[in-house]
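These notes concern the structure reproduced below.
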Amino acid sequence: MKGRVVVLRAYQAPFEIHEYEVPDPEPGAVLLKMTQAGICGSDLHSWRGDRTQALQPVSAAGQAMGHEGNGVIAKLGKGVTTDWAGRPVKEGDRVVHWSITACGRCRSCARGFTNLCTRPPDKYPAPAGVWPYFTGTYADYFYVTPSRPFYLVPDQIPDASLSWVNCAMGTSAEGLDLARCGLGDNVVIQGAGGLGLCAAAIATYRGAARVIVVDRLPDRLALAERFGADHTINIDELDTVEARRERVLELTGGEGADIVMELVGVTELIPEGVGYLAPGGTLVEIGHVMAGRQFSLDPRSIIRGKSILGSSGYRHTLLPGLLDLMVKTQDRVPYDKIVSDQFPLDRVNEAMGVAEWAGKRTAPTRAVLTP
Ligand SMILES: [Zn+2]
Ligand SMILES: [Zn+2]
């Protein structure tokens, strides 16, 4: 039996669809039939050509695309009887997998930062055309290697709310956790895409006093309010940094923000976000997944106990809690609205064009591919 995999052969060229023999899972592995795969901002960097051969070389065989998504268990490898939380699993169960892998025995892993593993066992980006072939989520199947954690999805969560959990939701949860978001915090979120919407819901759940979301698209800002934002700031209406800073101060009773989440990857947002901070506050930098950008900052702007904290990926142990959070809050948080567009796998290039936001004002929050 064969299945399809979306392959990037060269930057700035359309993706190709290749067919490979569907592998039998080795002992400890699991084969998933993909239900859907989210198109993430970091995938767009590859498609758009922000990544270059010099920055991140693509081998002759290409890369298997996609890292977000969810599926159902098509086949269990020998010895797999439970998910990574010890719950029994069987074929047909819905699961989400960790979108990164960790060795468990490097210094970062030993210190608990499995998301920062220095020797991840599964290559990312995954080389195409190499067994087990189904190493990206833009595909009919996904091969969960024995070292890759996966978790059962509670029955109450619909498929429509799942494609981005193992990237956007995990990543925003990790950043808020690292900044110790908690009771009484004023939180400003820069960017109301998938990460920003998740961050609004999680910060609210963790007890933030005020959640303020900044973006330029009215429909995204309206959605942010449904995800828990107490206030929104439209940068087209408040079109100077100073006006936005004043607004943040006003909305926080003159206090400023304890946490600012930079989720967009626009360098000017870092000094702007630092300007929002209360004494002792933290700007969490997540948006810049691409190397090579610069910003300038007056060092004095952070000496009153302020910090800039980088966060990348998330620990897989957050996944069960995030799924439980969704079950508890889905009556009031419209998680299913994060996905705005669906495309079949063979229209992947069209889907990337729709998901593209750089240089234009896209309404889509997230596009997904469904095999
Ligand atoms: Zn992602
Ligand atoms: Zn490691």
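The chains in the structure tokens are called A, B, ... from first to last as shown; in each chain the residues are counted from 1, and the ligands are counted from 1 in the order shown.
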
Show me a table, sorted first by chain and then by increasing residue number, of the residues of range 280-334 of chain A having an atom at most 12 Å from range 154-173 of chain A, each with its shortest atom pair and the distance in Å to one decimal, counting only C-alpha atoms and written as CSV.
```
residue,atom,partner,partner_atom,distance
A:Val284,CA,A:Ser172,CA,9.7
A:Glu285,CA,A:Ser172,CA,10.4
A:Ile286,CA,A:Thr171,CA,8.1
A:Gly287,CA,A:Thr171,CA,10.2
A:Val289,CA,A:Thr171,CA,11.9
A:Gly310,CA,A:Thr171,CA,11.4
A:Ser311,CA,A:Thr171,CA,7.9
A:Ser312,CA,A:Thr171,CA,6.8
A:Gly313,CA,A:Thr171,CA,4.9
A:Tyr314,CA,A:Thr171,CA,5.2
A:Arg315,CA,A:Gly170,CA,7.7
A:His316,CA,A:Gly170,CA,8.0
A:Thr317,CA,A:Gly170,CA,9.7
A:Leu318,CA,A:Gly170,CA,6.9
A:Leu319,CA,A:Gly170,CA,6.8
A:Pro320,CA,A:Pro154,CA,9.2
A:Gly321,CA,A:Gly170,CA,10.1
A:Leu322,CA,A:Gly170,CA,7.6
A:Leu323,CA,A:Pro154,CA,7.1
A:Asp324,CA,A:Pro154,CA,7.7
A:Leu325,CA,A:Ile157,CA,10.5
A:Met326,CA,A:Ile157,CA,7.3
A:Val327,CA,A:Ile157,CA,6.3
A:Lys328,CA,A:Gln156,CA,9.6
A:Thr329,CA,A:Ile157,CA,10.6
A:Gln330,CA,A:Ile157,CA,8.1
A:Asp331,CA,A:Ile157,CA,10.8
A:Val333,CA,A:Ser161,CA,10.6
A:Pro334,CA,A:Ser161,CA,8.5
```

Within 10 Å of ligand 2, which residues of chain A show up? Give each one with its shortest atom-to-atom distance in Å (one decimal) and the two atoms involved, counting only C-alpha atoms and all ligand atoms, rows by chain then rising residue number, as CSV.
```
residue,atom,partner,partner_atom_place_in_ligand_line,distance
A:Thr101,CA,ligand 2,1 (Zn),8.3
A:Ala102,CA,ligand 2,1 (Zn),4.7
A:Cys103,CA,ligand 2,1 (Zn),3.9
A:Gly104,CA,ligand 2,1 (Zn),4.7
A:Arg105,CA,ligand 2,1 (Zn),5.1
A:Cys106,CA,ligand 2,1 (Zn),4.0
A:Arg107,CA,ligand 2,1 (Zn),6.6
A:Ser108,CA,ligand 2,1 (Zn),5.8
A:Cys109,CA,ligand 2,1 (Zn),4.4
A:Ala110,CA,ligand 2,1 (Zn),7.4
A:Arg111,CA,ligand 2,1 (Zn),9.5
A:Gly112,CA,ligand 2,1 (Zn),9.3
A:Phe113,CA,ligand 2,1 (Zn),8.2
A:Thr114,CA,ligand 2,1 (Zn),6.0
A:Asn115,CA,ligand 2,1 (Zn),8.2
A:Leu116,CA,ligand 2,1 (Zn),7.2
A:Cys117,CA,ligand 2,1 (Zn),3.6
A:Thr118,CA,ligand 2,1 (Zn),5.2
A:Arg119,CA,ligand 2,1 (Zn),5.0
A:Pro120,CA,ligand 2,1 (Zn),5.8
A:Pro121,CA,ligand 2,1 (Zn),8.2
```

I need the residues from that last selection saved to file as a PDB file, in the first residue's frame (with C-alpha atoms), if you can.
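Ended up saving to result_39.pdb:
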```pdb
ATOM      1  CA  THR A 101      11.571  14.727  19.827  1.00  0.00           C
ATOM      2  CA  ALA A 102      14.151  14.573  22.583  1.00  0.00           C
ATOM      3  CA  CYS A 103      16.971  12.184  23.438  1.00  0.00           C
ATOM      4  CA  GLY A 104      16.195  12.220  27.166  1.00  0.00           C
ATOM      5  CA  ARG A 105      19.873  12.114  28.073  1.00  0.00           C
ATOM      6  CA  CYS A 106      21.548  15.334  26.981  1.00  0.00           C
ATOM      7  CA  ARG A 107      22.105  18.125  29.514  1.00  0.00           C
ATOM      8  CA  SER A 108      19.008  20.064  28.411  1.00  0.00           C
ATOM      9  CA  CYS A 109      16.806  16.975  28.675  1.00  0.00           C
ATOM     10  CA  ALA A 110      18.300  16.057  32.067  1.00  0.00           C
ATOM     11  CA  ARG A 111      17.448  19.536  33.330  1.00  0.00           C
ATOM     12  CA  GLY A 112      13.863  19.141  32.178  1.00  0.00           C
ATOM     13  CA  PHE A 113      14.069  21.208  29.000  1.00  0.00           C
ATOM     14  CA  THR A 114      13.213  18.397  26.604  1.00  0.00           C
ATOM     15  CA  ASN A 115      12.006  21.016  24.118  1.00  0.00           C
ATOM     16  CA  LEU A 116      15.588  22.295  23.954  1.00  0.00           C
ATOM     17  CA  CYS A 117      17.192  18.871  23.420  1.00  0.00           C
ATOM     18  CA  THR A 118      20.595  19.188  21.786  1.00  0.00           C
ATOM     19  CA  ARG A 119      20.531  15.703  20.272  1.00  0.00           C
ATOM     20  CA  PRO A 120      16.951  15.099  19.061  1.00  0.00           C
ATOM     21  CA  PRO A 121      16.694  11.533  17.732  1.00  0.00           C
TER      22      PRO A 121
END
```

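Distances here use only C-alpha atoms and all ligand atoms; by that measure, the residue among A:Cys40, A:Val188, A:Ala128, A:Val153 closest to ligand 1 is A:Cys40.
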
Taking 6 positions as the minimum chain separation for residues in the same chain, which residues sit within 10 Å of Thr82 in chain A when counting only C-alpha atoms? Answer as JSON, numbers by chain. {"A": [76, 88, 89, 90, 150, 151, 152]}

What's around Ile212 in chain A at 10 Å? Count only C-alpha atoms, leave out sequence neighbours fewer than 3 positions away in its own chain, and write the answer as a PyMOL selection string. chain A and resi 186-190+200+221+224-225+228-233+248+251-252+257+260

Enumerate as a ChimeraX atom specification all residues of range 123-370 of chain A assigned to strand (DSSP E or B) by DSSP on the backbone, naming them with the chain letters and numbers the document uses. /A:126-127,139,141-144,150-152,186-190,210-215,231-234,257-262,277-285,307-310,339-344,366-370
